[in-house]
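Novice: My structure is below; once you've seen it, I'll send some questions.
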Amino acid sequence: MPVLALACVCAVGQADAAQDRLMMPEQPAEPLNVIEAEVAVPVPSEEVRDVVNAFTQFQLDQKGKRIMDDSRVMTGQERYRNNVLYYMNVRRSWYIVSHRYKNDSYGRLALDRLYNDYKQFFTEHATVSEDAKLDYAQQIIDILDRNTANVHDDELRFYMNEMVIFSLNEAMKDGNNRVKPVDEKAVPAMDELHTVDLRKAINAPTIQ
């Protein structure tokens with residue numbers, strides 16, 4: 001009897017996995033209708049909006065600052081921009097590995113698209129100015145909004161919210177003791193600064 005019960009549990013587990021839409025290949029999906037949108041996990045959530053606004057102001061506060069990360073010197077805004085992409089990839093990879101998504105799994109493809117859109121945005125917007133801060137924050141929100149317009153699965157919608165919340169929050173925490181503010185008097189001219197290799201700084205290995 002225990003063996004039979006165990007077999008039943010395994011069969012149910014396999015059936016649930018087979019029915020997990022996030023594990024399956026991606027299928028075409030229509031945007032959420034009004035009724036679906038009312039009951040779905042809100043994306044972007046209010047927490048996302050709050051964190052985006054906080055990060056935008058945080059970046060503005062880095063204006064004029066120089067930071068040494070290991071042997072490299074870069075502007076504060078560039079350094080924390082790199083942080084965002086690093087931590088976003090960390091959270092993305094964690095979801096993929098923990099759920100064992102395959103290369104063609106819907107969940108993985110959706111998370112990859114979101115990360116790649118943010119990578120393009122932050123690569124093109126390494127800095128932000130006071131005049132552009134509202135547009136900067138809105139574009140961060142819009143990327144998440146566009147990527148979730150056709151996402152009906154609440155679990156995935158939650159993950160996509162969390163990718164943004166986690167990456168921006170962690171980016172603002174400077175817990176790396178190798179990273180030191182640079183004495184402004186000792187800062188070399190900008191044309192003497194080390195060139196930051198964005199390929200190494202941003203492109204964390206993709207989970208295979």
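Here's how to read the names in the structure tokens: chain A, B, ... by the order shown, residue numbers from 1 in each chain, ligand numbers from 1 in the order shown.
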So which residues touch Val43 of chain A within 10 Å, counting only C-alpha atoms, skipping near sequence neighbours fewer than 3 positions away, as a PyMOL selection string?

Specialist: chain A and resi 37+40+46-49+141+144-149+151+154+157-158+160-161

Novice: For the residues in that selection, give me N, CA and C atoms as a PDB file, in the first residue's frame.

Specialist:
ATOM      1  N   ALA A  37      -7.563  41.744 -16.182  1.00  0.00           N
ATOM      2  CA  ALA A  37      -6.623  42.715 -15.618  1.00  0.00           C
ATOM      3  C   ALA A  37      -7.004  43.111 -14.196  1.00  0.00           C
ATOM      4  N   ALA A  40      -5.868  40.027 -11.950  1.00  0.00           N
ATOM      5  CA  ALA A  40      -4.486  39.550 -12.085  1.00  0.00           C
ATOM      6  C   ALA A  40      -3.569  40.281 -11.107  1.00  0.00           C
ATOM      7  N   GLU A  46       2.676  48.748  -7.139  1.00  0.00           N
ATOM      8  CA  GLU A  46       3.006  50.012  -6.481  1.00  0.00           C
ATOM      9  C   GLU A  46       4.414  49.966  -5.900  1.00  0.00           C
ATOM     10  N   GLU A  47       4.815  48.784  -5.427  1.00  0.00           N
ATOM     11  CA  GLU A  47       6.173  48.656  -4.893  1.00  0.00           C
ATOM     12  C   GLU A  47       7.208  48.887  -5.987  1.00  0.00           C
ATOM     13  N   VAL A  48       6.932  48.374  -7.186  1.00  0.00           N
ATOM     14  CA  VAL A  48       7.839  48.611  -8.308  1.00  0.00           C
ATOM     15  C   VAL A  48       7.963  50.110  -8.566  1.00  0.00           C
ATOM     16  N   ARG A  49       6.841  50.799  -8.613  1.00  0.00           N
ATOM     17  CA  ARG A  49       6.861  52.238  -8.891  1.00  0.00           C
ATOM     18  C   ARG A  49       7.652  52.992  -7.820  1.00  0.00           C
ATOM     19  N   ILE A 141       9.460  51.776 -16.018  1.00  0.00           N
ATOM     20  CA  ILE A 141       8.119  51.237 -15.778  1.00  0.00           C
ATOM     21  C   ILE A 141       7.531  50.659 -17.062  1.00  0.00           C
ATOM     22  N   LEU A 144       8.588  47.067 -18.159  1.00  0.00           N
ATOM     23  CA  LEU A 144       7.895  46.007 -17.421  1.00  0.00           C
ATOM     24  C   LEU A 144       6.451  45.887 -17.886  1.00  0.00           C
ATOM     25  N   ASP A 145       5.812  47.015 -18.111  1.00  0.00           N
ATOM     26  CA  ASP A 145       4.419  47.025 -18.559  1.00  0.00           C
ATOM     27  C   ASP A 145       4.272  46.321 -19.907  1.00  0.00           C
ATOM     28  N   ARG A 146       5.155  46.633 -20.837  1.00  0.00           N
ATOM     29  CA  ARG A 146       5.094  46.011 -22.172  1.00  0.00           C
ATOM     30  C   ARG A 146       5.325  44.508 -22.102  1.00  0.00           C
ATOM     31  N   ASN A 147       6.266  44.104 -21.276  1.00  0.00           N
ATOM     32  CA  ASN A 147       6.622  42.688 -21.208  1.00  0.00           C
ATOM     33  C   ASN A 147       5.572  41.834 -20.509  1.00  0.00           C
ATOM     34  N   THR A 148       4.675  42.452 -19.774  1.00  0.00           N
ATOM     35  CA  THR A 148       3.650  41.684 -19.059  1.00  0.00           C
ATOM     36  C   THR A 148       2.254  41.871 -19.643  1.00  0.00           C
ATOM     37  N   ALA A 149       2.142  42.612 -20.727  1.00  0.00           N
ATOM     38  CA  ALA A 149       0.828  42.897 -21.308  1.00  0.00           C
ATOM     39  C   ALA A 149       0.079  41.627 -21.698  1.00  0.00           C
ATOM     40  N   VAL A 151       0.912  38.520 -20.426  1.00  0.00           N
ATOM     41  CA  VAL A 151       1.208  37.474 -19.436  1.00  0.00           C
ATOM     42  C   VAL A 151      -0.008  37.262 -18.545  1.00  0.00           C
ATOM     43  N   ASP A 154      -0.200  34.446 -13.080  1.00  0.00           N
ATOM     44  CA  ASP A 154       0.105  35.314 -11.943  1.00  0.00           C
ATOM     45  C   ASP A 154       1.474  35.029 -11.338  1.00  0.00           C
ATOM     46  N   ARG A 157       3.909  36.851 -13.505  1.00  0.00           N
ATOM     47  CA  ARG A 157       3.756  38.295 -13.304  1.00  0.00           C
ATOM     48  C   ARG A 157       4.445  38.725 -12.008  1.00  0.00           C
ATOM     49  N   PHE A 158       4.302  37.899 -10.972  1.00  0.00           N
ATOM     50  CA  PHE A 158       4.967  38.177  -9.700  1.00  0.00           C
ATOM     51  C   PHE A 158       6.486  38.150  -9.871  1.00  0.00           C
ATOM     52  N   MET A 160       8.246  38.752 -12.487  1.00  0.00           N
ATOM     53  CA  MET A 160       8.725  39.882 -13.284  1.00  0.00           C
ATOM     54  C   MET A 160       8.723  41.170 -12.459  1.00  0.00           C
ATOM     55  N   ASN A 161       7.707  41.334 -11.612  1.00  0.00           N
ATOM     56  CA  ASN A 161       7.749  42.442 -10.651  1.00  0.00           C
ATOM     57  C   ASN A 161       8.995  42.341  -9.780  1.00  0.00           C
TER      58      ASN A 161
END

Novice: DSSP on the backbone, then: every residue of segment 15-205 of chain A marked alpha helix (DSSP H), written as a ChimeraX atom specification.

Specialist: /A:15-19,34-39,46-60,76-99,106-124,133-148,154-172,198-202

Novice: Looking at A:Asn103, A:Val39, A:Val97, A:Ala126, which one is nearest to Thr75 of chain A, with distances taken over only C-alpha atoms?

Specialist: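 When distances to Thr75 of chain A are compared using only C-alpha atoms, the smallest one comes from A:Ala126.
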
Novice: From a backbone DSSP assignment, name each residue in segment 35-183 of chain A labelled strand (DSSP E or B), as a list of chain:residue names.

Specialist: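 After running DSSP on the backbone, segment 35-183 of chain A has strand (DSSP E or B) at A:Arg66, A:Ile67, A:Met68, A:Asp69, A:Arg72, A:Val73, A:Met74, A:Thr75, A:Ser105, A:Val179, A:Lys180, A:Pro181.
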
Novice: Using only C-alpha atoms, determine which residues lie at most 10 Å from Gln138 of chain A, disregarding the query and same-chain residues fewer than 4 positions distant; provide the list as a PDB file with C-alpha atoms, in the first residue's frame.

Specialist:
ATOM      1  CA  ARG A  49       6.861  52.238  -8.891  1.00  0.00           C
ATOM      2  CA  VAL A  52      11.915  52.932  -9.493  1.00  0.00           C
ATOM      3  CA  ASN A  53      11.394  56.443  -8.127  1.00  0.00           C
ATOM      4  CA  LYS A 133      14.465  61.989 -14.520  1.00  0.00           C
ATOM      5  CA  LEU A 134      10.713  61.675 -15.134  1.00  0.00           C
ATOM      6  CA  ASP A 142       7.083  50.973 -19.432  1.00  0.00           C
ATOM      7  CA  ILE A 143       9.505  48.120 -20.135  1.00  0.00           C
TER       8      ILE A 143
END
